[in-house]
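Below is one structure; the comments refer to it alone.
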Amino acid sequence: MHRFLVSAAHRSSGKTTVSIGLAAALRARGLAVQPFKKGPDYIDPMWLGEAAGRPCYNLDPWVSGPDEIRATFCRRSRAAQVCMVEANMGLHDGLALDGSNSNAALAAMLGLPVVLVIDARGMSRGIAPLLLGQQAFDPTIRIAGVILNRVGGKRHEAKLRAAIEHYTDIPVLGAIPKLPELTIDERHLGLVPYNEAAEAHAHVARLAQAIAAHVDLDRLLALTAAGDDLPREARPAATALRPPRARPRVRIGIARDAAFGFYYADDLEALAAAGADLVPFDTLRDAQLPAVDGLFIGGGFPEVMAPALEANAALRAELRREIENGLPVYAECGGLMYLTRSIRWHDRSHAMVGALPADTVMQAKAVGRGYVEIEATADHPWLAPGAIVRAHEFHHSGLENVAPELRYAWRMHRGHGIDGERDGLIHRNVLGAYCHLRSVLGIEWPAHFVGFVHRCRAARHAAEPALACG
């Protein structure tokens with residue numbers, strides 16, 4: 001068993017492409033690789049999951065306590081030979097001044113050595129104090145090795161290696177040259193999602209080849225070897241997770257295509273465990289909805305796909321009819337945007353579903369970005385009023401011309417949501433919000449939503465299609 005956390009001194013050091021390449025290169029050796037991602041992120045886990053050939057799971061101290069994080073890591077690691085966590089931002093970065101939710105804190109919580117990716121552009125001898133500072137800031141963290149990224153050439157690599165070997169005791173595991181063909185395109189929320197990227201599979205293969213050629217994988221594995229069990233301090237409490245409650249089955253359609261792909265693997269698993277059969281549908285190509293009892297439309301980039309979404313008028317019309325007839329729908333961020341009347345971007349407007357009386361307008365800068373804390377209102381269709389939930393939001397759009405009679409599911413304690421004070425538009429049996437929920441202890445939203453779908457199905461079968469089911 002091998003376990004490690006991939007981090008960096010600061011963001012934009014290339015740790016994501018290195019992590020993807022590591023997962024793919026180790027998988028190519030025949031190893032079972034289990035990837036994890038620290039913090040809230042949909043896009044990096046898409047790439048990591050493709051590279052490893054298995055779902056990537058998020059570990060987020062904002063929404064989960066230490067016991068739940070340990071339990072998740074332990075449970076997902078059992079069938080793997082290599083467990084790799086990709087950090088977010090820098091090693092010692094985090095919300096709290098004391099570093100309690102930093103990447104270093106996560107490494108300590110799980111007993112993980114750290115592989116540090118350093119953007120070496122413009123550096124030579126100065127890399128030594130940078131690494132010494134990373135070590136000294138928290139001596140309890142073991143930096144197992146460093147991977148030099150964006151190295152200028154053999155001469156540059158030699159200078160970097162000499163400085164590191166002379167001044168530090170940190171092994172150099174590899175040096176990756178500047179290779180423009182390995183760069184993954186980015187847009188306003190980070191990397192272009194795997195479900196949109198052209199030739200994504202070939203790109204992952206190129207990353208694997210580059211890592212295998214420039215990183216000493218044997219040494220990496222030797223330095224990150226662990227026993228079959230987690231260290232004692234990283235083991236979960238025996239009661240960390242509650243078993244899911246069995247329910248009768250319902251069919252929930254899930255939008256899975258180039259426009260909508262932001263889903264957490266554990267959320268989908270929790271929906272299935274709560275009694276939902278997930279039925280994928282394509283908002284770009286399918287002319288009609290599958291036979292379902294409810295819908296989950298996650299986030300994505302509907303603004304990028306707006307012309308194609310508009311062109312599929314048949315599906316938009318059917319979706320609007322079904323919503324008016326009482327179909328329960330949960331839509332997050334991009335899904336919310338899709339259900340409004342229109343999306344305007346770059347001075348062009350495209351018609352959307354029109355189930356929610358509001359218009360989406362893209363902005364040049366982020367409208368809401370980061371962690372949120374929200375409280376369920378008395379109008380929330382499937383959570384108890386007053387429930388406090390920690391979640392996150394990432395959106396460059398806002399809503400205009402919102403019908404004043406609409407109710408809201410969330411009151412914002414932290415974050416922006418729709419208007420800085422509220423989030424979660426409610427219309428018929430639809431909840432559309434900018435905030436992204438996580439299925440964690442105390443916020444088991446999939447089970448609540450599945451229960452709501454059951455109630456709505458019963459109401460529809462009772463010939464009361466427009467009846468609210470809350």
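Letters A, B, ... go to the chains of the structure tokens in the order shown; residues in each chain start at 1; ligands are counted from 1 in the same order.
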Return as JSON lines the residues of segment 16-56 of chain A lying at most 10 Å from segment 107-124 of chain A, together with the closest atom-to-atom pair for each and the distance in Å to one decimal, counting only C-alpha atoms, with rows in chain order and ascending residue number.
```
{"residue": "A:Thr16", "atom": "CA", "partner": "A:Val117", "partner_atom": "CA", "distance": 9.5}
{"residue": "A:Val18", "atom": "CA", "partner": "A:Val117", "partner_atom": "CA", "distance": 7.9}
{"residue": "A:Ser19", "atom": "CA", "partner": "A:Val117", "partner_atom": "CA", "distance": 9.4}
```
_Applying 9 Å and only C-alpha atoms, which residues near segment 339-350 of chain A remain after dropping the ones on its own chain fewer than 5 positions away? List them as a list in words._
Pro302, Glu303, Val304, Ala306, Pro307, Leu309, Glu310, Arg316, Leu319, Arg320, Ala331, Gly334, Ala355, Leu356, Pro357, Ala358, Asp359, Thr360, Val361, Met362, Gln363, Leu399 and Gly432 of chain A
For segment 403-408 of chain A: contacts at 10 Å, only C-alpha atoms, fewer than 6 positions along chain excluded, given as a PDB file with C-alpha atoms, in the first residue's frame:
```pdb
ATOM      1  CA  LEU A 356     -38.251  29.352 -13.674  1.00  0.00           C
ATOM      2  CA  PRO A 357     -39.383  32.955 -14.309  1.00  0.00           C
ATOM      3  CA  ALA A 358     -35.943  34.564 -14.310  1.00  0.00           C
ATOM      4  CA  ASP A 359     -33.126  35.295 -16.772  1.00  0.00           C
ATOM      5  CA  ALA A 376     -33.321  26.071   5.202  1.00  0.00           C
ATOM      6  CA  THR A 377     -36.385  28.311   5.153  1.00  0.00           C
ATOM      7  CA  ALA A 378     -39.918  27.235   6.001  1.00  0.00           C
ATOM      8  CA  ASP A 379     -40.520  26.906   2.245  1.00  0.00           C
ATOM      9  CA  HIS A 380     -37.772  24.343   1.653  1.00  0.00           C
ATOM     10  CA  PRO A 381     -39.491  21.421  -0.071  1.00  0.00           C
ATOM     11  CA  ILE A 418     -28.888  34.474  -5.809  1.00  0.00           C
ATOM     12  CA  ARG A 422     -31.242  34.144  -0.416  1.00  0.00           C
ATOM     13  CA  ASP A 423     -30.746  31.136  -2.683  1.00  0.00           C
ATOM     14  CA  GLY A 424     -32.836  28.299  -4.024  1.00  0.00           C
ATOM     15  CA  LEU A 425     -35.747  29.353  -6.224  1.00  0.00           C
ATOM     16  CA  ILE A 426     -38.878  27.261  -5.665  1.00  0.00           C
ATOM     17  CA  HIS A 427     -41.498  26.783  -8.368  1.00  0.00           C
ATOM     18  CA  ARG A 428     -43.982  23.905  -8.335  1.00  0.00           C
ATOM     19  CA  LEU A 431     -35.656  23.702  -6.306  1.00  0.00           C
ATOM     20  CA  GLY A 432     -32.973  25.515  -8.309  1.00  0.00           C
ATOM     21  CA  ALA A 433     -29.990  26.935  -6.403  1.00  0.00           C
TER      22      ALA A 433
END
```
_Test item, strand (DSSP E) assignment across segment 286-418 of chain A, answer as a PyMOL selection string_ = chain A and resi 294-297+299-300+329-332+340-345+348-351+356-362+368-376+388-395+397-400+407-414
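The list of residues with at least one atom within 8 Å of Asp293 of chain A, based on only C-alpha atoms and without residues fewer than 2 positions apart in the same chain, reads Val250, Arg251, Ile252, Gly253, Ala291, Leu295, Leu327, Pro328, Val453, His454 and Arg457 of chain A.
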Generate a file of the selected residues that holds N, CA and C atoms, formatted as a short mmCIF file (atom, residue, chain, number, x, y, z; two decimals), in the first residue's frame.
```cif
data_model
loop_
_atom_site.label_atom_id
_atom_site.label_comp_id
_atom_site.auth_asym_id
_atom_site.auth_seq_id
_atom_site.Cartn_x
_atom_site.Cartn_y
_atom_site.Cartn_z
N VAL A 250 -37.11 4.52 -6.78
CA VAL A 250 -37.68 5.50 -7.68
C VAL A 250 -36.66 5.73 -8.80
N ARG A 251 -37.12 6.26 -9.92
CA ARG A 251 -36.24 6.54 -11.06
C ARG A 251 -35.98 8.04 -11.11
N ILE A 252 -34.71 8.41 -11.01
CA ILE A 252 -34.33 9.82 -11.06
C ILE A 252 -33.42 10.03 -12.27
N GLY A 253 -33.87 10.88 -13.18
CA GLY A 253 -33.06 11.22 -14.34
C GLY A 253 -31.94 12.16 -13.95
N ALA A 291 -38.39 7.87 -18.95
CA ALA A 291 -39.47 7.68 -17.98
C ALA A 291 -38.88 7.74 -16.58
N LEU A 295 -35.89 14.51 -11.35
CA LEU A 295 -34.68 14.87 -12.07
C LEU A 295 -33.66 15.51 -11.13
N LEU A 327 -43.46 17.45 -11.85
CA LEU A 327 -42.23 16.64 -11.77
C LEU A 327 -41.27 17.27 -10.77
N PRO A 328 -40.78 16.51 -9.78
CA PRO A 328 -39.81 17.07 -8.83
C PRO A 328 -38.42 17.17 -9.46
N VAL A 453 -39.23 12.84 -3.81
CA VAL A 453 -39.65 12.26 -5.09
C VAL A 453 -40.75 11.22 -4.86
N HIS A 454 -40.61 10.42 -3.81
CA HIS A 454 -41.66 9.46 -3.47
C HIS A 454 -42.99 10.16 -3.22
N ARG A 457 -44.41 11.47 -6.46
CA ARG A 457 -44.96 10.38 -7.29
C ARG A 457 -46.33 9.96 -6.78
#
```
*Could you find all residues in segment 74-278 of chain A that DSSP calls alpha helix (DSSP H) from the backbone, and write them as a PyMOL selection string?*
chain A and resi 74-77+103-110+127-137+154-167+200-214+217-223+265-273
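Shortest separation to Tyr167 of chain A among A:Arg125, A:Thr283, A:Ala136, A:Phe4 occurs at residue A:Arg125, atoms counted being only C-alpha atoms.
Taking atom CA of Gly49 of chain A as the reference point, atom CA of Phe262 of chain A is found at 13.0 Å.
The shell of residues at most 8 Å from Val204 of chain A, with only C-alpha atoms counted and near chain neighbours (fewer than 5 positions) removed, consists of Ile20, Gly21, Ala24, Trp47, Glu50 and Ala51 of chain A.
Of the listed residues (A:Glu324, A:Asp257, A:Glu165, A:Asp98), A:Asp257 comes nearest to Asp282 of chain A; the distances count only C-alpha atoms.
With only C-alpha atoms as the atoms that count, the residue of A:Ala366, A:Leu268, A:Val292, A:Cys435 with the shortest distance to Glu332 of chain A is A:Cys435.
For segment 93-97 of chain A, the non-local neighbours within 12 Å, defined as residues at least 6 positions apart in the same chain or in other chains and counting only C-alpha atoms, are Ser7, Ala8, Ala9, His10, Arg11, Lys38, Gly39, Asp60, Pro61, Trp62, Ala87, Asn103, Ala104, Ala105, Leu106, Gln134, Phe137, Gly370 and Tyr371 of chain A.
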Only C-alpha atoms, please: the residues just picked out, written as a short mmCIF file (atom, residue, chain, number, x, y, z; two decimals), in the first residue's frame.
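The resulting file, out.cif, is reproduced below:
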```cif
data_model
loop_
_atom_site.label_atom_id
_atom_site.label_comp_id
_atom_site.auth_asym_id
_atom_site.auth_seq_id
_atom_site.Cartn_x
_atom_site.Cartn_y
_atom_site.Cartn_z
CA SER A 7 0.69 19.59 -2.95
CA ALA A 8 2.64 22.69 -3.91
CA ALA A 9 4.01 25.90 -2.45
CA HIS A 10 1.21 27.87 -4.13
CA ARG A 11 -1.61 27.40 -6.60
CA LYS A 38 -9.08 17.99 -1.10
CA GLY A 39 -11.82 20.58 -0.90
CA ASP A 60 -13.48 18.57 2.54
CA PRO A 61 -12.91 19.77 6.14
CA TRP A 62 -15.50 22.54 5.66
CA ALA A 87 -4.35 19.18 -2.55
CA ASN A 103 -3.64 20.72 3.14
CA ALA A 104 -0.92 20.11 5.72
CA ALA A 105 -3.61 19.48 8.34
CA LEU A 106 -5.28 16.95 6.07
CA GLN A 134 7.85 24.59 3.76
CA PHE A 137 6.67 25.88 9.06
CA GLY A 370 -16.16 29.68 -2.21
CA TYR A 371 -17.70 28.19 0.89
#
```
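Among the candidates A:Phe36, A:Tyr42, A:Phe452, A:Phe394, the residue lying nearest to Ala274 of chain A is A:Phe452 (atoms considered: only C-alpha atoms).
Counting from atom CA of Ala128 of chain A, the distance to atom CA of Ile164 of chain A is 5.4 Å.
Take the candidates A:Leu131, A:Met1, A:Ala459, A:Ala28 and check each one against Thr224 of chain A using only C-alpha atoms; the shortest distance goes to A:Met1.
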*Among the residues A:Thr72, A:His448, A:Ala23, A:Arg155, the one that comes closest to Ala212 of chain A [using only C-alpha atoms]*: A:Ala23
